[in-house]
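Notes follow the structure.
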Amino acid sequence: MSMLEIKNLHVRVEEQEIIKGLDLTVNPGEVHAVMGPNGSGKSTLAQVLAGKEEYEVTAGEVHYKGEELLELAPEERAREGLFLAFQYPVEIPGVSNVYFLKAALNAIRKHRGQEEMDAMDFLTYVREKMKLVKMDESLLNRPVNEGFSGGEKKRNEIFHLSVLDPTLAVLDETDSGLDIDALKIVSDGVNSLRSPDRAFIVITHYQRLLNYIVPDKVHAMVGGRIVESGGKELAHKLEEKGYAWLEERVAESELAAAPSA
Amino acid sequence: MGAVEHLQSEYRKFVDGLSESWPAALTERRGLAIERFGEIGIPSRRAEQWRFINLNAIRETPFRLPQSFNGFGADDLEPFRYEGCHQIVLVNGRFSADYSELGELPEGVVVASLARAAVDHPELVDEYVGKLAKFEEHPFVALNTAFLRDGAFIYVPRGVVVEQPINLICLGVPEAEAVAFYPRNLIVAGESSQVTVVEQYASLGEGRYMTSPVTEVAAGPNAVIDHYKLQRESTDAIHMATFQIHQQRDSNVSSHSISWGGGLVRNDVNAVLDGEGCESTLNGLYMVEGEQQIDNHMRVDHAMPNCDSHELYKGILEGRSRAVFNGLIHVHKDAQKTDAKQTNRNLLLSKDALVNSHPQLEIFADDVKCTHGSTTGHLDDVAVFYLRSRGIGEEAARSLLTYAFAADIVERIKVDSVRRELEEFLFRRLPKGEVVRQAV
């Protein structure tokens, strides 16, 4: 059974249709890259999967592990193993990064019928995970994302990912704005988390990330749809040729589909 | 009989009942103050400084002088006693020798009831009491001055550091009929001295009463005073308070006003920076719900050059509650190189809560740095979504963000017991507080 199956998804944001009939199937163990120009609907897709309520799904369905994903509240999705790494992680003053994660992990464990982790076990567990993203211990005790640099925020997202141990992780432009060292750290973190039971959807604007996180499938998203899918060679083609050729193709097909005047 | 006439007749009973001997100047000041109160009366909304607060509850209640100053057990006081503090207890405005535990104080330090100090240290009482807070301009300062009889008197002589905080517990014990009382507190810190004072207001039992305290602070040159006010009376209580600070050169005064109790609350905080090199920090956090009203009126007078003042007031409102923030920074002509900052931020957790926020600057010097700002808004949806996407439930996410809003005020509280008290309150008040407790 596939882990995620999106069929004919249509999404409206403030009266404007952003996603216009999107299909995507992701199997366990796979890494999918979704690329596309600005405004193509990539981030909207990520947010809809995580359950952002302001986005209105007008048609289509999404099955996650065989269940209707769209019926679930954002926290229920997280507890079912879905994780979104935010493009712009939020600063939360006064709430410590590590204690927050403990509360989040325990909410997830409780949902799964597991025992809550006590402070000692949690700290041991968290220290393991920190090594993955080479997080400085001082960032553990700071308030969530407060005063973090851009790179630290992105690393913190991958750190959250590793601690919460999801089955499907969606990375929304986690690579944007990172220098090469930070990019490598983030990629190494993701690569070390790849497993036969876990799948990734990596949304990116830049092919460069895919040199480090090698995807199984690459999708080009234009005008709210996936218009081309392929292997990692598609990423190179997009890097070389840009999106104009795909945009033209979309325009032509829309013209052809429109009733003639 | 109207409310003003009623209070005037209570005043006559009060004066007749005074048994202690008082400095003549104070006796005279009482008379002037009740006269002045008669002229001002209880302000209506037409009065500029009282536009957004409804004082009908005061107008409609015939407040009497309290009769009882005990009637509860020592256990009832436990929640308000903080370990490692000098405890001074007022019950319905009167000093309680039975419940106070002053402990060992450094030499020369006086912590006593005002009534006692008037006998033992008449020269100090005469020098300071009633000199700072102006009854001529404020109806509740006038009432307090008219009914002046007791309160806490704290005097720290030159060069002395009081290591342990002084915990002033002002209890309201409702009686069968609504009572009003007027604690008058004075904190005097001599040159290069240091003291921390916690001033708590709490109720033992339900039922209407009014506390109308005036606390005057005189900071000598280079003195350091940290003041924490914790107002957590029952919602039946009315609280009309003035906190008046006078700072001499190089002094450093911080005031942290935390308020979640009371049905109708007014806090006037006035600081006069009357010497060069003063620093004044005025922080506040108010949390109201239901039908509670709270009005914070601030005034900072920069009278001399090279002084800094920082004000940060934050409010969290639920239900149909109302909050007013009125902050004025007045920079006098000679107060060059003033650095003044004033911020008021409000978080509305319900549709029906309302805030009136008016930060104001009046600047008569030409080389100053002054900023002011005010924001009122709801919780950020993106932040709520972020937390939920990590598996935190919606209620808990909202509570975490509410806590986060208050966090910078909480963190600035240096007295552990006070900070813990506030944290515990937040965990109790916020839905799914146990998640917040885990996560901070």
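For the structure tokens, the naming scheme is as follows: chains receive sequential letters (A, B, ...) according to their order of presentation, residues are indexed from 1 within each chain, and ligands are indexed from 1 in presentation order.
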Could you list, as number ranges by chain, every residue within 12 Å of Glu17 (chain A), counting only C-alpha atoms and ignoring same-chain residues fewer than 4 positions away? A: 9-13, 21, 39-41, 44, 55-59, 223-225
Could you list the residues in chain A lying within 7 Å of chain B, using only C-alpha atoms, and format the result as a list in words?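 Residues satisfying the distance criterion: Ala50, Lys52, Pro74, Glu75, Glu76, Ala78, Arg79, Phe83, Leu84, Val90, Ile92, Pro93, Gly94, Val95, Ser96, Tyr99, Phe100, Ala103, Ala104, Ala107 and Ile108 of chain A.
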May I have the residues within 10 Å of His138 (chain B) as JSON, numbers by chain, using only C-alpha atoms and disregarding those fewer than 3 positions away in the same chain? {"B": [33, 36, 37, 40, 41, 42, 43, 49, 133, 134, 135, 141, 142, 143, 144, 242, 268]}
With N, CA, C and O atoms retained, write the just-selected residues as an mmCIF file, in the first residue's frame.
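In the end it all went to result_17.cif:
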data_model
loop_
_atom_site.group_PDB
_atom_site.id
_atom_site.type_symbol
_atom_site.label_atom_id
_atom_site.label_comp_id
_atom_site.auth_asym_id
_atom_site.auth_seq_id
_atom_site.Cartn_x
_atom_site.Cartn_y
_atom_site.Cartn_z
ATOM 1 N N ALA B 33 -7.312 67.031 52.726
ATOM 2 C CA ALA B 33 -7.545 66.001 51.717
ATOM 3 C C ALA B 33 -9.030 65.674 51.588
ATOM 4 O O ALA B 33 -9.541 65.512 50.476
ATOM 5 N N ARG B 36 -10.648 68.354 49.714
ATOM 6 C CA ARG B 36 -10.332 68.274 48.283
ATOM 7 C C ARG B 36 -11.131 67.153 47.627
ATOM 8 O O ARG B 36 -11.634 67.310 46.516
ATOM 9 N N PHE B 37 -11.276 66.041 48.354
ATOM 10 C CA PHE B 37 -12.067 64.945 47.791
ATOM 11 C C PHE B 37 -13.503 65.408 47.550
ATOM 12 O O PHE B 37 -14.109 65.081 46.519
ATOM 13 N N ILE B 40 -13.498 67.211 44.247
ATOM 14 C CA ILE B 40 -13.301 66.399 43.030
ATOM 15 C C ILE B 40 -14.437 65.392 42.880
ATOM 16 O O ILE B 40 -14.962 65.181 41.786
ATOM 17 N N GLY B 41 -14.809 64.756 43.990
ATOM 18 C CA GLY B 41 -15.827 63.712 43.934
ATOM 19 C C GLY B 41 -15.307 62.455 43.252
ATOM 20 O O GLY B 41 -14.108 62.306 43.037
ATOM 21 N N ILE B 42 -16.232 61.577 42.932
ATOM 22 C CA ILE B 42 -15.853 60.358 42.205
ATOM 23 C C ILE B 42 -16.001 60.660 40.718
ATOM 24 O O ILE B 42 -17.098 60.994 40.261
ATOM 25 N N PRO B 43 -14.916 60.577 39.982
ATOM 26 C CA PRO B 43 -14.934 61.072 38.600
ATOM 27 C C PRO B 43 -15.919 60.313 37.705
ATOM 28 O O PRO B 43 -16.074 59.100 37.848
ATOM 29 N N GLN B 49 -8.925 61.814 32.687
ATOM 30 C CA GLN B 49 -8.112 60.704 33.182
ATOM 31 C C GLN B 49 -8.940 59.470 33.549
ATOM 32 O O GLN B 49 -8.397 58.457 33.980
ATOM 33 N N ALA B 133 2.993 61.751 46.848
ATOM 34 C CA ALA B 133 1.738 61.582 46.110
ATOM 35 C C ALA B 133 0.834 62.779 46.374
ATOM 36 O O ALA B 133 0.524 63.094 47.508
ATOM 37 N N LYS B 134 0.424 63.415 45.307
ATOM 38 C CA LYS B 134 -0.328 64.670 45.444
ATOM 39 C C LYS B 134 -1.827 64.419 45.554
ATOM 40 O O LYS B 134 -2.455 63.978 44.592
ATOM 41 N N PHE B 135 -2.377 64.691 46.734
ATOM 42 C CA PHE B 135 -3.817 64.456 46.893
ATOM 43 C C PHE B 135 -4.646 65.514 46.186
ATOM 44 O O PHE B 135 -5.832 65.325 45.934
ATOM 45 N N VAL B 141 -6.146 59.359 45.899
ATOM 46 C CA VAL B 141 -5.035 59.772 46.765
ATOM 47 C C VAL B 141 -5.592 60.681 47.864
ATOM 48 O O VAL B 141 -5.177 60.598 49.034
ATOM 49 N N ALA B 142 -6.563 61.510 47.501
ATOM 50 C CA ALA B 142 -7.192 62.384 48.501
ATOM 51 C C ALA B 142 -7.886 61.552 49.578
ATOM 52 O O ALA B 142 -7.718 61.800 50.774
ATOM 53 N N LEU B 143 -8.646 60.536 49.145
ATOM 54 C CA LEU B 143 -9.327 59.676 50.118
ATOM 55 C C LEU B 143 -8.312 58.967 51.008
ATOM 56 O O LEU B 143 -8.474 58.892 52.219
ATOM 57 N N ASN B 144 -7.264 58.454 50.371
ATOM 58 C CA ASN B 144 -6.243 57.745 51.136
ATOM 59 C C ASN B 144 -5.591 58.657 52.171
ATOM 60 O O ASN B 144 -5.342 58.249 53.305
ATOM 61 N N THR B 242 -2.357 53.966 43.939
ATOM 62 C CA THR B 242 -1.349 54.879 43.394
ATOM 63 C C THR B 242 0.023 54.475 43.908
ATOM 64 O O THR B 242 0.196 54.199 45.098
ATOM 65 N N ASP B 268 -2.338 53.705 39.281
ATOM 66 C CA ASP B 268 -1.579 54.866 38.819
ATOM 67 C C ASP B 268 -0.141 54.666 39.244
ATOM 68 O O ASP B 268 0.124 54.436 40.423
#
Which one is closest to Leu164 (chain A): A:Val126, A:Val250, A:Val227, A:Val202? Count only C-alpha atoms.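 Checking each of A:Val126, A:Val250, A:Val227, A:Val202 against Leu164 (chain A), counting only C-alpha atoms, the winner is A:Val126.
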I'd like a table as a tab-separated table: residues in region 193-252 of chain A with an atom no more than 8 Å from region 33-38 of chain A, each row giving the shortest atom pair and its distance in Å to one decimal, only C-alpha atoms counted, sorted by chain and rising residue number.
residue	atom	partner	partner_atom	distance
A:Ile201	CA	A:Ala33	CA	5.8
A:Val202	CA	A:Ala33	CA	4.6
A:Ile203	CA	A:Val34	CA	4.7
A:Thr204	CA	A:Met35	CA	5.4
A:His205	CA	A:Met35	CA	5.8
A:Tyr206	CA	A:Met35	CA	7.6
A:Leu210	CA	A:Ala33	CA	8.0
A:Pro215	CA	A:Ala33	CA	6.1
A:Asp216	CA	A:Ala33	CA	8.0
A:Lys217	CA	A:Ala33	CA	6.2
A:Val218	CA	A:Ala33	CA	4.7
A:His219	CA	A:Val34	CA	4.8
A:Ala220	CA	A:Met35	CA	5.0
A:Met221	CA	A:Gly36	CA	4.8
A:Val222	CA	A:Gly36	CA	6.0
A:Ala235	CA	A:Met35	CA	7.9
A:Tyr243	CA	A:Pro37	CA	6.9
Let me see the file: selected residues, all heavy atoms, as a compact mmCIF listing (two decimals), in the first residue's frame.
# COMPACT_ATOMS: atom_id res chain seq x y z
N ILE A 201 8.97 14.08 1.33
CA ILE A 201 8.66 14.96 0.19
C ILE A 201 9.49 16.21 0.41
O ILE A 201 9.33 16.92 1.41
CB ILE A 201 7.16 15.33 0.13
CG1 ILE A 201 6.31 14.06 -0.07
CG2 ILE A 201 6.90 16.33 -0.98
CD1 ILE A 201 4.81 14.31 0.02
N VAL A 202 10.42 16.44 -0.50
CA VAL A 202 11.34 17.56 -0.36
C VAL A 202 10.95 18.63 -1.37
O VAL A 202 11.06 18.42 -2.57
CB VAL A 202 12.79 17.10 -0.61
CG1 VAL A 202 13.75 18.26 -0.50
CG2 VAL A 202 13.17 15.99 0.37
N ILE A 203 10.44 19.72 -0.85
CA ILE A 203 10.03 20.81 -1.74
C ILE A 203 11.17 21.80 -1.84
O ILE A 203 11.72 22.25 -0.82
CB ILE A 203 8.76 21.48 -1.18
CG1 ILE A 203 7.60 20.51 -1.33
CG2 ILE A 203 8.47 22.80 -1.88
CD1 ILE A 203 6.35 20.93 -0.61
N THR A 204 11.56 22.10 -3.04
CA THR A 204 12.70 23.02 -3.19
C THR A 204 12.61 23.85 -4.46
O THR A 204 11.93 23.49 -5.42
CB THR A 204 14.04 22.25 -3.16
OG1 THR A 204 15.11 23.19 -3.28
CG2 THR A 204 14.13 21.24 -4.30
N HIS A 205 13.30 24.93 -4.37
CA HIS A 205 13.38 25.86 -5.47
C HIS A 205 14.65 25.60 -6.28
O HIS A 205 14.77 26.01 -7.43
CB HIS A 205 13.44 27.26 -4.87
CG HIS A 205 12.95 28.32 -5.76
ND1 HIS A 205 11.62 28.47 -6.05
CD2 HIS A 205 13.60 29.30 -6.43
CE1 HIS A 205 11.48 29.51 -6.86
NE2 HIS A 205 12.66 30.02 -7.11
N TYR A 206 15.60 24.96 -5.63
CA TYR A 206 16.94 24.85 -6.21
C TYR A 206 17.36 23.40 -6.36
O TYR A 206 17.23 22.62 -5.41
CB TYR A 206 17.95 25.59 -5.33
CG TYR A 206 17.55 27.01 -5.04
CD1 TYR A 206 17.00 27.35 -3.82
CD2 TYR A 206 17.70 27.99 -6.02
CE1 TYR A 206 16.62 28.65 -3.55
CE2 TYR A 206 17.31 29.30 -5.76
CZ TYR A 206 16.77 29.62 -4.53
OH TYR A 206 16.38 30.90 -4.28
N LEU A 210 19.48 18.69 -4.27
CA LEU A 210 19.30 17.30 -4.71
C LEU A 210 20.64 16.64 -5.02
O LEU A 210 20.69 15.44 -5.26
CB LEU A 210 18.35 17.25 -5.89
CG LEU A 210 17.00 17.94 -5.60
CD1 LEU A 210 16.08 17.86 -6.80
CD2 LEU A 210 16.32 17.36 -4.37
N PRO A 215 17.06 12.18 -4.70
CA PRO A 215 15.66 11.73 -4.67
C PRO A 215 15.44 10.48 -5.54
O PRO A 215 16.19 10.23 -6.47
CB PRO A 215 14.92 12.91 -5.26
CG PRO A 215 15.90 13.57 -6.18
CD PRO A 215 17.28 13.29 -5.64
N ASP A 216 14.39 9.75 -5.19
CA ASP A 216 13.96 8.65 -6.06
C ASP A 216 13.14 9.18 -7.21
O ASP A 216 13.19 8.67 -8.32
CB ASP A 216 13.12 7.65 -5.25
CG ASP A 216 13.91 7.07 -4.10
OD1 ASP A 216 14.93 6.40 -4.37
OD2 ASP A 216 13.54 7.30 -2.93
N LYS A 217 12.35 10.19 -6.93
CA LYS A 217 11.51 10.78 -7.98
C LYS A 217 11.56 12.29 -7.91
O LYS A 217 11.67 12.86 -6.81
CB LYS A 217 10.05 10.33 -7.81
CG LYS A 217 9.84 8.83 -7.98
CD LYS A 217 8.59 8.55 -8.82
CE LYS A 217 8.50 7.08 -9.23
NZ LYS A 217 7.91 6.23 -8.16
N VAL A 218 11.47 12.92 -9.05
CA VAL A 218 11.43 14.38 -9.11
C VAL A 218 10.16 14.78 -9.86
O VAL A 218 9.81 14.18 -10.88
CB VAL A 218 12.67 14.94 -9.84
CG1 VAL A 218 12.56 16.46 -10.00
CG2 VAL A 218 13.94 14.58 -9.07
N HIS A 219 9.46 15.78 -9.28
CA HIS A 219 8.23 16.27 -9.93
C HIS A 219 8.38 17.76 -10.19
O HIS A 219 8.88 18.50 -9.34
CB HIS A 219 7.02 16.05 -9.02
CG HIS A 219 6.91 14.65 -8.51
ND1 HIS A 219 6.35 13.64 -9.25
CD2 HIS A 219 7.31 14.09 -7.34
CE1 HIS A 219 6.40 12.51 -8.55
NE2 HIS A 219 6.99 12.77 -7.37
N ALA A 220 7.94 18.16 -11.35
CA ALA A 220 7.93 19.59 -11.67
C ALA A 220 6.49 20.09 -11.48
O ALA A 220 5.55 19.52 -12.05
CB ALA A 220 8.39 19.82 -13.09
N MET A 221 6.36 21.13 -10.67
CA MET A 221 5.03 21.67 -10.39
C MET A 221 4.90 23.03 -11.06
O MET A 221 5.73 23.91 -10.84
CB MET A 221 4.85 21.79 -8.88
CG MET A 221 3.42 22.02 -8.47
SD MET A 221 3.22 21.71 -6.70
CE MET A 221 1.54 22.31 -6.53
N VAL A 222 3.88 23.17 -11.86
CA VAL A 222 3.65 24.44 -12.55
C VAL A 222 2.15 24.71 -12.54
O VAL A 222 1.36 23.81 -12.84
CB VAL A 222 4.17 24.37 -14.02
CG1 VAL A 222 3.74 25.62 -14.79
CG2 VAL A 222 5.68 24.23 -14.05
N ALA A 235 15.65 16.84 -12.48
CA ALA A 235 16.11 18.00 -11.71
C ALA A 235 17.20 18.74 -12.49
O ALA A 235 17.21 19.98 -12.55
CB ALA A 235 16.65 17.56 -10.36
N TYR A 243 11.83 26.68 -16.20
CA TYR A 243 10.46 26.15 -16.22
C TYR A 243 9.66 26.66 -17.42
O TYR A 243 8.51 26.26 -17.60
CB TYR A 243 9.74 26.54 -14.93
CG TYR A 243 10.35 25.88 -13.71
CD1 TYR A 243 11.31 26.54 -12.94
CD2 TYR A 243 9.99 24.59 -13.35
CE1 TYR A 243 11.88 25.94 -11.84
CE2 TYR A 243 10.56 23.98 -12.25
CZ TYR A 243 11.50 24.66 -11.49
OH TYR A 243 12.06 24.04 -10.42
According to DSSP computed on the backbone, where in region 72-204 of chain B is there alpha helix (DSSP H)? Give the residues as a PyMOL selection string. chain B and resi 74-77+114-120+122-128+139-146
Can you tell me which residues surround region 369-373 of chain B at a distance of at most 10 Å, considering only C-alpha atoms, apart from same-chain residues fewer than 3 positions away, and format the answer as a VMD selection string? chain B and resid 308 to 312 327 to 329 331 336 to 345 357 to 363 366
Could you write out that same residue set with C-alpha atoms as a CSV table (one decimal), in the first residue's frame?
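The result, stored in result-v6.csv:
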chain,number,residue,atom,x,y,z
B,308,ASP,CA,16.7,56.4,31.3
B,309,SER,CA,13.2,55.1,31.7
B,310,HIS,CA,11.7,51.9,30.2
B,311,GLU,CA,8.1,50.9,30.4
B,312,LEU,CA,6.7,47.6,29.2
B,327,GLY,CA,1.1,56.2,29.5
B,328,LEU,CA,2.6,59.7,29.5
B,329,ILE,CA,6.3,60.4,29.3
B,331,VAL,CA,10.4,65.3,29.2
B,336,GLN,CA,18.6,66.5,27.7
B,337,LYS,CA,20.0,63.1,26.7
B,338,THR,CA,16.8,61.5,28.0
B,339,ASP,CA,16.4,57.9,26.9
B,340,ALA,CA,12.7,56.9,27.3
B,341,LYS,CA,10.9,54.0,25.9
B,342,GLN,CA,7.3,53.0,26.4
B,343,THR,CA,5.6,49.9,25.1
B,344,ASN,CA,2.1,48.5,25.6
B,345,ARG,CA,1.1,45.2,24.1
B,357,SER,CA,-4.3,52.2,24.8
B,358,HIS,CA,-2.9,55.7,24.7
B,359,PRO,CA,0.9,56.0,24.9
B,360,GLN,CA,1.9,59.7,24.8
B,361,LEU,CA,5.0,61.8,24.7
B,362,GLU,CA,5.4,65.4,25.8
B,363,ILE,CA,8.9,66.5,25.0
B,366,ASP,CA,15.7,68.9,22.0
Excluding Arg266 (chain B) and residues on its chain fewer than 4 positions from it, collect all residues at most 9 Å away from it, counting only C-alpha atoms, and give them as a compact mmCIF listing (two decimals) with all heavy atoms, in the first residue's frame.
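Result saved to part.txt:
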# COMPACT_ATOMS: atom_id res chain seq x y z
N ILE B 53 -13.06 54.08 32.20
CA ILE B 53 -13.32 53.16 33.32
C ILE B 53 -14.65 53.55 33.97
O ILE B 53 -14.97 54.74 34.07
CB ILE B 53 -12.14 53.18 34.33
CG1 ILE B 53 -12.34 52.12 35.42
CG2 ILE B 53 -11.92 54.55 34.94
CD1 ILE B 53 -11.07 51.89 36.25
N ILE B 238 -12.61 45.89 44.78
CA ILE B 238 -12.27 47.08 43.99
C ILE B 238 -10.91 47.54 44.47
O ILE B 238 -10.64 47.56 45.68
CB ILE B 238 -13.33 48.18 44.20
CG1 ILE B 238 -14.69 47.70 43.63
CG2 ILE B 238 -12.90 49.50 43.54
CD1 ILE B 238 -15.84 48.61 44.02
N HIS B 239 -10.06 47.88 43.53
CA HIS B 239 -8.68 48.22 43.89
C HIS B 239 -8.30 49.51 43.18
O HIS B 239 -8.25 49.56 41.96
CB HIS B 239 -7.77 47.06 43.44
CG HIS B 239 -6.34 47.21 43.87
ND1 HIS B 239 -5.87 46.69 45.05
CD2 HIS B 239 -5.28 47.80 43.27
CE1 HIS B 239 -4.56 46.95 45.17
NE2 HIS B 239 -4.19 47.63 44.10
N MET B 240 -8.07 50.56 43.95
CA MET B 240 -7.76 51.88 43.37
C MET B 240 -6.42 52.34 43.95
O MET B 240 -6.37 52.86 45.06
CB MET B 240 -8.84 52.89 43.76
CG MET B 240 -10.22 52.60 43.23
SD MET B 240 -10.40 53.16 41.53
CE MET B 240 -11.00 51.65 40.78
N ALA B 241 -5.34 52.11 43.21
CA ALA B 241 -4.02 52.26 43.82
C ALA B 241 -3.18 53.33 43.13
O ALA B 241 -3.29 53.56 41.93
CB ALA B 241 -3.27 50.93 43.74
N THR B 242 -2.36 53.97 43.94
CA THR B 242 -1.35 54.88 43.39
C THR B 242 0.02 54.47 43.91
O THR B 242 0.20 54.20 45.10
CB THR B 242 -1.65 56.34 43.78
OG1 THR B 242 -2.82 56.76 43.08
CG2 THR B 242 -0.50 57.27 43.40
N GLN B 293 -12.41 44.91 34.94
CA GLN B 293 -11.90 46.14 34.32
C GLN B 293 -10.56 46.47 34.96
O GLN B 293 -10.45 46.49 36.18
CB GLN B 293 -12.79 47.33 34.64
CG GLN B 293 -14.14 47.37 33.99
CD GLN B 293 -14.79 48.73 34.30
OE1 GLN B 293 -14.36 49.76 33.80
NE2 GLN B 293 -15.79 48.73 35.15
N ILE B 294 -9.57 46.79 34.15
CA ILE B 294 -8.30 47.26 34.71
C ILE B 294 -7.80 48.46 33.93
O ILE B 294 -7.82 48.48 32.71
CB ILE B 294 -7.23 46.15 34.76
CG1 ILE B 294 -5.94 46.71 35.36
CG2 ILE B 294 -6.97 45.55 33.38
CD1 ILE B 294 -5.04 45.68 35.96
N ASP B 295 -7.36 49.45 34.67
CA ASP B 295 -6.90 50.71 34.07
C ASP B 295 -5.51 51.01 34.64
O ASP B 295 -5.35 51.19 35.84
CB ASP B 295 -7.91 51.81 34.45
CG ASP B 295 -7.55 53.16 33.85
OD1 ASP B 295 -6.38 53.37 33.45
OD2 ASP B 295 -8.46 54.02 33.80
N ASN B 296 -4.51 50.99 33.77
CA ASN B 296 -3.15 51.35 34.19
C ASN B 296 -2.81 52.74 33.66
O ASN B 296 -2.79 52.95 32.45
CB ASN B 296 -2.14 50.34 33.66
CG ASN B 296 -2.16 49.04 34.43
OD1 ASN B 296 -1.82 49.01 35.61
ND2 ASN B 296 -2.61 47.97 33.78
N HIS B 297 -2.57 53.64 34.58
CA HIS B 297 -2.21 55.00 34.20
C HIS B 297 -0.78 55.27 34.63
O HIS B 297 -0.46 55.18 35.82
CB HIS B 297 -3.14 56.00 34.89
CG HIS B 297 -4.16 56.55 33.97
ND1 HIS B 297 -5.18 55.78 33.43
CD2 HIS B 297 -4.34 57.80 33.47
CE1 HIS B 297 -5.93 56.55 32.65
NE2 HIS B 297 -5.43 57.78 32.66
Need the shell around Ala57 (chain B): protein/DNA/RNA residues with any atom at most 12 Å away, counting only C-alpha atoms. Skip same-chain ones fewer than 5 positions apart. Format as a compact mmCIF listing (two decimals) with N, CA and C atoms, in the first residue's frame?
# COMPACT_ATOMS: atom_id res chain seq x y z
N ALA B 3 -22.60 59.17 47.37
CA ALA B 3 -21.38 58.46 47.76
C ALA B 3 -20.38 59.40 48.42
N ILE B 42 -16.23 61.58 42.93
CA ILE B 42 -15.85 60.36 42.20
C ILE B 42 -16.00 60.66 40.72
N SER B 44 -16.53 61.04 36.83
CA SER B 44 -17.36 60.41 35.80
C SER B 44 -16.48 60.22 34.57
N PRO B 62 -22.19 52.02 49.64
CA PRO B 62 -21.89 52.82 50.83
C PRO B 62 -20.80 52.13 51.66
N PHE B 63 -19.55 52.41 51.31
CA PHE B 63 -18.44 51.74 52.00
C PHE B 63 -18.32 52.24 53.44
N ALA B 178 -20.09 46.17 52.93
CA ALA B 178 -18.88 46.49 52.16
C ALA B 178 -18.01 47.49 52.92
N ARG B 208 -17.86 42.14 48.60
CA ARG B 208 -17.31 43.41 48.10
C ARG B 208 -16.57 44.20 49.16
N TYR B 209 -15.46 44.77 48.75
CA TYR B 209 -14.76 45.76 49.56
C TYR B 209 -13.88 46.57 48.61
N MET B 210 -13.34 47.66 49.12
CA MET B 210 -12.44 48.46 48.29
C MET B 210 -11.12 48.67 49.04
N ASP B 236 -14.75 40.32 43.46
CA ASP B 236 -15.68 41.21 44.17
C ASP B 236 -14.97 42.50 44.62
N ALA B 237 -13.66 42.45 44.64
CA ALA B 237 -12.91 43.56 45.23
C ALA B 237 -12.69 44.69 44.23
N ILE B 238 -12.61 45.89 44.78
CA ILE B 238 -12.27 47.08 43.99
C ILE B 238 -10.91 47.54 44.47
N HIS B 239 -10.06 47.88 43.53
CA HIS B 239 -8.68 48.22 43.89
C HIS B 239 -8.30 49.51 43.18
N GLY B 263 -12.28 43.15 40.60
CA GLY B 263 -13.30 43.34 39.58
C GLY B 263 -13.10 44.66 38.86
N LEU B 264 -12.67 45.65 39.62
CA LEU B 264 -12.47 47.00 39.09
C LEU B 264 -11.14 47.49 39.65
N VAL B 265 -10.20 47.69 38.78
CA VAL B 265 -8.83 47.96 39.23
C VAL B 265 -8.26 49.17 38.51
N GLN B 293 -12.41 44.91 34.94
CA GLN B 293 -11.90 46.14 34.32
C GLN B 293 -10.56 46.47 34.96
Of the candidates B:Leu349, B:Thr145, B:Met298, B:Ala115, which one gets nearest to Glu20 (chain B) if we count only C-alpha atoms?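 Result for the nearest residue to Glu20 (chain B): B:Ala115.
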Rounded to one decimal in Å, what is the spacing between CA of Leu55 (chain B) and CA of Arg322 (chain B)?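 Straight-line distance from CA of Leu55 (chain B) to CA of Arg322 (chain B) works out to 13.0 Å.
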